[in-house]
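K.L.:
Here it is, the structure, as structure tokens.
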Amino acid sequence: MNILTIENISKSYGEKVLFKDVSFGISEGEKIGIIGVNGTGKSTFLKVIAGLEQPDSGQIAIGNRVRIQYLAQNPAFDPDATVLEQVFRGDSPEMKTVWSYTETMQQVELAPNDEALQQKLIHWSHEMDRLNVWQLESEAKMVLSKLGITAFDAKVGTLSGGQRKRVAMAAALIQPCDLLILDEPTNHIDHASVIWLEQYLQKRRGALLMITHDRYFLDRVVGRMLELDHGQLYSYEANYSRFLELKAEREERELASEQKRQNLLRNELAWIRRGAKARTTKQKARIDRFEKLQELEGPKQNSKVDVSVASSRLGKKILEIEHLSKQIEGKQLIRDFEYIAVREDRVGIIGPNGSGKSTLLNMIAGRITPDEGSIVMGPTVKLGYFSQENQEMNESMRVIEYIKEIAEVVQTADGSSITAAQMLERFLFTPTMQWTPIAKLSGGEKRRLYLLSVLMSAPNVLLLDEPTNDLDIQTLTVLEDYLDDFSGVVFVVSHDRFFLDRTVEKIIAFEGDGKIRHHVGNFTEYEEYMAKYGESPSASSGGSGNGNSGTREQTSEPKREKQERLKFSYKEQKEYDEIDGVIEKTEQKLATVAKQMEEAFSDSARLQELLEEQRKLEEQLEELMERWTYLNELADKIAQSKS
């Protein structure tokens, strides 16, 4: 049953058509993800559905009792309200009742003998009973805690932008509603919070409509994908992985149809050029058909974003960090941290919000001075820093003018040249958009322009601070491809599990109180390692990725060549008695090697030796396990034959 039906809605801003004649419905409990290139109108689309903006044409039919809750990318807040007060400020009867009860309770505490207040409190207590909302306060505190907010009495105005977004998210999640609309809910929350939110939304019964760039999140939460592309809306009954397959099939069909149309056009054009006189009905019909074929628009393909800009030459000495420590406002963020960067390093930096990840990047970039220790850059290092906050732009400038200030022509990896205009077009800025003032760009388009400006400066050491925030999936895919061919060093702070798995080979994990752990592998391999040793904060959640485990699975069939014998030989008996101890010692050796690999994180030669030692030990352990299986099966048969 549809709770909301959209019929032929359209929306434009000036000459820019965001979407045209869009129709679809949302069923009870359906979970839908929306994707599309930045600037295509995804956020506006959500606002129209939520009733915050009106479409230019078309209509939206909503069930009589259907309640909609909307979380914006940049929600409004009262700076003087406490965290709990902000959470309970909603329009629903439940939220108004909880808010009124809480407010009255505070007044009674200040004037306990006021009979009018006592009666008012009794009234709101009855309303709390009637609506059955006594659990909402505890639920609000639980949700806030899971999102990393524990100071419930703190003034909202004292919180960071990311913390305020999480308070607004908590308010949206606890509001009773039939359709929850979320605009980029995974921005500004750390890994543990993303995993919790993923599980929370999986279990939630109401319908969900959301924009997110988190591909793992889409894969695990939604069952339907909507794609906004050149004003059209395409619907796929699939999660993200299946959507990619279905989209490829659709584009192949459209391409085949367009080729057929072009062939018809060529045939009709050839006939007209032969000078046939349009006197008969049949001839007039052919001319009419030609004109209609000309009027049809073919499928619009997004141009491939090619950012294969050559990086500057990088010398042998790159970056050496020695005994680095940093405190901010009495909180120890980094304690005695050391790292030596090597060529083509791909390092992911993870940890809870506020743990010091961005501080480390800012110290590497020279924007913050360490309390102790040193950061030494090689003489050939050219830094490119893509920070969380966009670089200040002169918004009266046109897009192409902004890029030309950095470089009018850039060299690609193959030695050819690309002009600023060509580079912009490859980065999804059409010739028309290139002459648009920056002020008219969407937030995501400004973010994309900022990223392009960093890459066009030809850096050889890239610092990326939360690059996945506010960038669309297509741009992220292109950035990932760019990093594949990038010959320099990359340090990336991110909470996007897919992006980390796709791009990094080492993890630096901030664990609190200045402690930093090194791990060789991508994010999923780090999670699996931590879960195996019982240290992962998200181990109970079942992990958060699809990567390969650092531990080899036992897939070989046990050898059975002697399984029919009904007694042990002397050698087998001795082996049976000792094999458990041998397996245990081998596992201990593996654990020791894993620890040594963490300690040798920055020593590539020693790391290669340890990797080879780990491989041999894993093969040895696999053979031992096969032998253990055979010996125990034989022991069981011997026992059965004696009984």
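Chain labels follow the order of the structure tokens: the first chain is A, the next B, and so on; residue numbering restarts at 1 in every chain, and ligands are counted from 1 in their shown order.
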Please list as a ChimeraX atom specification every residue within 9 Å of segment 353-369 of chain A, counting only C-alpha atoms and excluding residues in the same chain fewer than 6 positions away.

P.N.:
/A:148,162,188-190,319,321,326,332-334,375-377,383-385,387-388,463-466,491-493,509-514

K.L.:
As a PDB file with N, CA and C atoms, in the first residue's frame, please: the residues near Leu455 of chain A (cut-off 12 Å, only C-alpha atoms, same-chain neighbours under 2 positions excluded).

P.N.:
ATOM      1  N   ASP A 306      38.087  12.382 -16.090  1.00  0.00           N
ATOM      2  CA  ASP A 306      39.462  11.915 -16.170  1.00  0.00           C
ATOM      3  C   ASP A 306      40.342  12.936 -15.463  1.00  0.00           C
ATOM      4  N   VAL A 307      40.933  12.540 -14.347  1.00  0.00           N
ATOM      5  CA  VAL A 307      41.776  13.475 -13.602  1.00  0.00           C
ATOM      6  C   VAL A 307      43.196  12.935 -13.507  1.00  0.00           C
ATOM      7  N   SER A 308      43.680  12.372 -14.604  1.00  0.00           N
ATOM      8  CA  SER A 308      45.022  11.787 -14.608  1.00  0.00           C
ATOM      9  C   SER A 308      46.084  12.872 -14.766  1.00  0.00           C
ATOM     10  N   VAL A 309      46.061  13.849 -13.850  1.00  0.00           N
ATOM     11  CA  VAL A 309      47.032  14.933 -13.889  1.00  0.00           C
ATOM     12  C   VAL A 309      48.347  14.434 -13.319  1.00  0.00           C
ATOM     13  N   ALA A 310      49.427  14.752 -13.982  1.00  0.00           N
ATOM     14  CA  ALA A 310      50.731  14.304 -13.513  1.00  0.00           C
ATOM     15  C   ALA A 310      51.077  14.973 -12.187  1.00  0.00           C
ATOM     16  N   SER A 311      51.702  14.221 -11.291  1.00  0.00           N
ATOM     17  CA  SER A 311      52.153  14.796 -10.028  1.00  0.00           C
ATOM     18  C   SER A 311      53.599  15.253 -10.169  1.00  0.00           C
ATOM     19  N   SER A 312      54.037  16.083  -9.232  1.00  0.00           N
ATOM     20  CA  SER A 312      55.417  16.562  -9.254  1.00  0.00           C
ATOM     21  C   SER A 312      56.371  15.443  -8.836  1.00  0.00           C
ATOM     22  N   LYS A 382      55.525  18.365  -2.509  1.00  0.00           N
ATOM     23  CA  LYS A 382      54.548  19.409  -2.835  1.00  0.00           C
ATOM     24  C   LYS A 382      53.194  18.943  -2.314  1.00  0.00           C
ATOM     25  N   LEU A 383      52.734  19.580  -1.245  1.00  0.00           N
ATOM     26  CA  LEU A 383      51.504  19.159  -0.568  1.00  0.00           C
ATOM     27  C   LEU A 383      50.259  19.625  -1.302  1.00  0.00           C
ATOM     28  N   GLY A 384      49.270  18.750  -1.334  1.00  0.00           N
ATOM     29  CA  GLY A 384      47.921  19.113  -1.748  1.00  0.00           C
ATOM     30  C   GLY A 384      46.989  18.762  -0.603  1.00  0.00           C
ATOM     31  N   TYR A 385      46.294  19.739  -0.043  1.00  0.00           N
ATOM     32  CA  TYR A 385      45.475  19.520   1.153  1.00  0.00           C
ATOM     33  C   TYR A 385      44.009  19.793   0.833  1.00  0.00           C
ATOM     34  N   PHE A 386      43.205  18.733   0.833  1.00  0.00           N
ATOM     35  CA  PHE A 386      41.755  18.844   0.632  1.00  0.00           C
ATOM     36  C   PHE A 386      41.111  18.743   2.015  1.00  0.00           C
ATOM     37  N   ILE A 403      39.614  28.287 -11.748  1.00  0.00           N
ATOM     38  CA  ILE A 403      40.554  27.219 -12.083  1.00  0.00           C
ATOM     39  C   ILE A 403      41.773  27.768 -12.814  1.00  0.00           C
ATOM     40  N   ILE A 406      44.785  28.808 -10.912  1.00  0.00           N
ATOM     41  CA  ILE A 406      45.681  27.741 -10.450  1.00  0.00           C
ATOM     42  C   ILE A 406      46.569  27.280 -11.600  1.00  0.00           C
ATOM     43  N   ALA A 407      45.955  26.996 -12.737  1.00  0.00           N
ATOM     44  CA  ALA A 407      46.717  26.576 -13.923  1.00  0.00           C
ATOM     45  C   ALA A 407      45.827  26.690 -15.147  1.00  0.00           C
ATOM     46  N   VAL A 410      47.456  21.997 -17.844  1.00  0.00           N
ATOM     47  CA  VAL A 410      48.096  21.019 -16.973  1.00  0.00           C
ATOM     48  C   VAL A 410      48.575  19.839 -17.803  1.00  0.00           C
ATOM     49  N   GLN A 411      49.616  19.174 -17.303  1.00  0.00           N
ATOM     50  CA  GLN A 411      50.166  18.001 -17.965  1.00  0.00           C
ATOM     51  C   GLN A 411      49.520  16.742 -17.392  1.00  0.00           C
ATOM     52  N   THR A 412      49.218  15.779 -18.254  1.00  0.00           N
ATOM     53  CA  THR A 412      48.674  14.502 -17.794  1.00  0.00           C
ATOM     54  C   THR A 412      49.817  13.510 -17.613  1.00  0.00           C
ATOM     55  N   MET A 423      39.658  20.343 -18.673  1.00  0.00           N
ATOM     56  CA  MET A 423      39.712  19.659 -17.380  1.00  0.00           C
ATOM     57  C   MET A 423      38.397  19.821 -16.626  1.00  0.00           C
ATOM     58  N   LEU A 424      37.836  21.006 -16.675  1.00  0.00           N
ATOM     59  CA  LEU A 424      36.545  21.247 -16.023  1.00  0.00           C
ATOM     60  C   LEU A 424      35.452  20.385 -16.633  1.00  0.00           C
ATOM     61  N   PHE A 427      35.503  17.063 -15.493  1.00  0.00           N
ATOM     62  CA  PHE A 427      35.079  16.996 -14.089  1.00  0.00           C
ATOM     63  C   PHE A 427      33.623  17.420 -13.922  1.00  0.00           C
ATOM     64  N   ARG A 448      33.256  19.793  -5.342  1.00  0.00           N
ATOM     65  CA  ARG A 448      33.904  19.157  -6.494  1.00  0.00           C
ATOM     66  C   ARG A 448      34.913  20.109  -7.136  1.00  0.00           C
ATOM     67  N   LEU A 449      34.551  21.379  -7.231  1.00  0.00           N
ATOM     68  CA  LEU A 449      35.447  22.386  -7.799  1.00  0.00           C
ATOM     69  C   LEU A 449      36.693  22.545  -6.931  1.00  0.00           C
ATOM     70  N   TYR A 450      36.498  22.540  -5.632  1.00  0.00           N
ATOM     71  CA  TYR A 450      37.625  22.644  -4.695  1.00  0.00           C
ATOM     72  C   TYR A 450      38.563  21.441  -4.856  1.00  0.00           C
ATOM     73  N   LEU A 451      38.001  20.233  -4.968  1.00  0.00           N
ATOM     74  CA  LEU A 451      38.823  19.030  -5.158  1.00  0.00           C
ATOM     75  C   LEU A 451      39.631  19.140  -6.444  1.00  0.00           C
ATOM     76  N   LEU A 452      38.996  19.582  -7.520  1.00  0.00           N
ATOM     77  CA  LEU A 452      39.704  19.726  -8.789  1.00  0.00           C
ATOM     78  C   LEU A 452      40.849  20.720  -8.664  1.00  0.00           C
ATOM     79  N   SER A 453      40.620  21.805  -7.925  1.00  0.00           N
ATOM     80  CA  SER A 453      41.676  22.811  -7.765  1.00  0.00           C
ATOM     81  C   SER A 453      42.886  22.231  -7.035  1.00  0.00           C
ATOM     82  N   SER A 457      46.900  21.343  -8.998  1.00  0.00           N
ATOM     83  CA  SER A 457      48.171  21.941  -8.572  1.00  0.00           C
ATOM     84  C   SER A 457      49.317  20.932  -8.636  1.00  0.00           C
ATOM     85  N   ALA A 458      49.030  19.686  -9.099  1.00  0.00           N
ATOM     86  CA  ALA A 458      50.028  18.618  -9.283  1.00  0.00           C
ATOM     87  C   ALA A 458      50.800  18.312  -8.002  1.00  0.00           C
ATOM     88  N   PRO A 459      50.108  17.971  -6.895  1.00  0.00           N
ATOM     89  CA  PRO A 459      50.813  17.619  -5.660  1.00  0.00           C
ATOM     90  C   PRO A 459      51.442  16.231  -5.765  1.00  0.00           C
ATOM     91  N   ASN A 460      52.416  15.941  -4.908  1.00  0.00           N
ATOM     92  CA  ASN A 460      52.940  14.577  -4.828  1.00  0.00           C
ATOM     93  C   ASN A 460      52.699  13.950  -3.459  1.00  0.00           C
ATOM     94  N   VAL A 461      52.191  14.744  -2.514  1.00  0.00           N
ATOM     95  CA  VAL A 461      51.702  14.219  -1.233  1.00  0.00           C
ATOM     96  C   VAL A 461      50.306  14.804  -1.013  1.00  0.00           C
ATOM     97  N   LEU A 462      49.319  13.936  -0.943  1.00  0.00           N
ATOM     98  CA  LEU A 462      47.929  14.371  -0.811  1.00  0.00           C
ATOM     99  C   LEU A 462      47.430  14.140   0.608  1.00  0.00           C
ATOM    100  N   LEU A 463      46.851  15.171   1.201  1.00  0.00           N
ATOM    101  CA  LEU A 463      46.169  15.059   2.486  1.00  0.00           C
ATOM    102  C   LEU A 463      44.679  15.253   2.226  1.00  0.00           C
ATOM    103  N   LEU A 464      43.887  14.224   2.471  1.00  0.00           N
ATOM    104  CA  LEU A 464      42.444  14.274   2.202  1.00  0.00           C
ATOM    105  C   LEU A 464      41.697  14.135   3.522  1.00  0.00           C
ATOM    106  N   LEU A 479      37.697   9.804  -8.156  1.00  0.00           N
ATOM    107  CA  LEU A 479      38.808  10.074  -7.243  1.00  0.00           C
ATOM    108  C   LEU A 479      39.532   8.776  -6.904  1.00  0.00           C
ATOM    109  N   TYR A 482      41.655   7.876  -9.766  1.00  0.00           N
ATOM    110  CA  TYR A 482      42.808   8.783  -9.794  1.00  0.00           C
ATOM    111  C   TYR A 482      43.880   8.313  -8.814  1.00  0.00           C
ATOM    112  N   LEU A 483      43.464   7.936  -7.601  1.00  0.00           N
ATOM    113  CA  LEU A 483      44.424   7.498  -6.589  1.00  0.00           C
ATOM    114  C   LEU A 483      45.106   6.192  -6.983  1.00  0.00           C
ATOM    115  N   PHE A 486      47.946   7.464  -8.990  1.00  0.00           N
ATOM    116  CA  PHE A 486      48.727   8.537  -8.364  1.00  0.00           C
ATOM    117  C   PHE A 486      50.041   7.957  -7.838  1.00  0.00           C
ATOM    118  N   GLY A 488      52.292   9.452  -5.947  1.00  0.00           N
ATOM    119  CA  GLY A 488      52.757  10.037  -4.696  1.00  0.00           C
ATOM    120  C   GLY A 488      52.208   9.327  -3.468  1.00  0.00           C
TER     121      GLY A 488
END

K.L.:
Can you list, as a list in words, every protein, DNA or RNA residue that comes within 7 Å of Asp21 of chain A when you count only C-alpha atoms, leaving out same-chain residues fewer than 3 positions away?

P.N.:
Asn8, Ile9 and Ser10 of chain A

K.L.:
Which parts of segment 62-193 of chain A does DSSP call strand (DSSP E or B) when run on the backbone here, written out as number ranges by chain?

P.N.:
A: 62, 68-71, 82, 155, 179-183

K.L.:
What does the structure give for the distance between atom CA of Glu227 of chain A and atom CA of Gly33 of chain A, in Å to one decimal?

P.N.:
8.5 Å

K.L.:
Mind checking which residues fall within 10 Å of segment 102-114 of chain A, counting only C-alpha atoms, ignoring those fewer than 5 positions away in the same chain, and posting them as a PyMOL selection string?

P.N.:
chain A and resi 84-85+88+96-97+119-122+124-125+137

K.L.:
Generate a file of the selected residues that holds C-alpha atoms, formatted as a CSV table (one decimal), in the first residue's frame.

P.N.:
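again_8.csv, freshly written:
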chain,number,residue,atom,x,y,z
A,84,LEU,CA,17.5,17.2,25.2
A,85,GLU,CA,15.4,20.3,24.7
A,88,PHE,CA,12.1,17.2,21.9
A,96,LYS,CA,4.9,18.5,22.2
A,97,THR,CA,3.8,16.4,25.2
A,119,GLN,CA,-1.9,20.6,38.6
A,120,LYS,CA,-0.2,21.4,35.3
A,121,LEU,CA,2.3,18.6,35.9
A,122,ILE,CA,-0.5,16.2,36.7
A,124,TRP,CA,0.9,16.5,31.3
A,125,SER,CA,1.6,13.2,33.2
A,137,GLU,CA,13.4,10.3,27.0

K.L.:
Could you check which of A:Asp229, A:Asp481, A:Glu572, A:Glu622 is closest to Glu587 of chain A, using only C-alpha atoms?

P.N.:
A:Glu622

K.L.:
Quick one: DSSP helix (DSSP H, G or I) residues in segment 363-611 of chain A, as a PyMOL selection string?

P.N.:
chain A and resi 363-364+399-404+420-426+431-434+438-440+443-456+473-485+497-503+523-532+539-541+570-599+604-611

K.L.:
Residues of segment 421-453 of chain A within 12 Å of segment 42-58 of chain A: nearest atom pair and distance (Å, one decimal) for each, counting only C-alpha atoms, sorted by chain and number, as a Markdown table?

P.N.:
| residue | atom | partner | partner_atom | distance |
| --- | --- | --- | --- | --- |
| A:Ser442 | CA | A:Ser43 | CA | 10.0 |
| A:Gly443 | CA | A:Ser43 | CA | 10.5 |
| A:Gly444 | CA | A:Ser43 | CA | 10.5 |

K.L.:
For Ser100 of chain A, which of A:Ile195, A:Met128, A:Met393, A:Val83 is the closest residue, counting only C-alpha atoms?

P.N.:
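Closest to Ser100 of chain A, using only C-alpha atoms: A:Met128.
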
K.L.:
At a cut-off of 9 Å, using only C-alpha atoms, what residues contact segment 205-222 of chain A? Leave out same-chain residues fewer than 2 positions from it and give the result as a PyMOL selection string.

P.N.:
chain A and resi 3+26-35+42-43+46+177-187+194-195+198-199+201-203+224-225+238-242+468-473+476+496-499+544-546

K.L.:
Taking only C-alpha atoms into account, name the residue in A:Glu322, A:Leu226, A:Lys506, A:Glu254 that is nearest to Gly348 of chain A.

P.N.:
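The closest residue to Gly348 of chain A is A:Lys506.
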
K.L.:
For Glu527 of chain A, which residue among A:Gln391, A:Thr5, A:Ile350, A:Val133 is the nearest when counting only C-alpha atoms?

P.N.:
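Of A:Gln391, A:Thr5, A:Ile350, A:Val133, the one nearest Glu527 of chain A is A:Ile350, counting only C-alpha atoms.
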
K.L.:
Enter the distance from atom CA of Gly14 of chain A to atom CA of Ser396 of chain A, in Å, rounded to one decimal.

P.N.:
18.3 Å
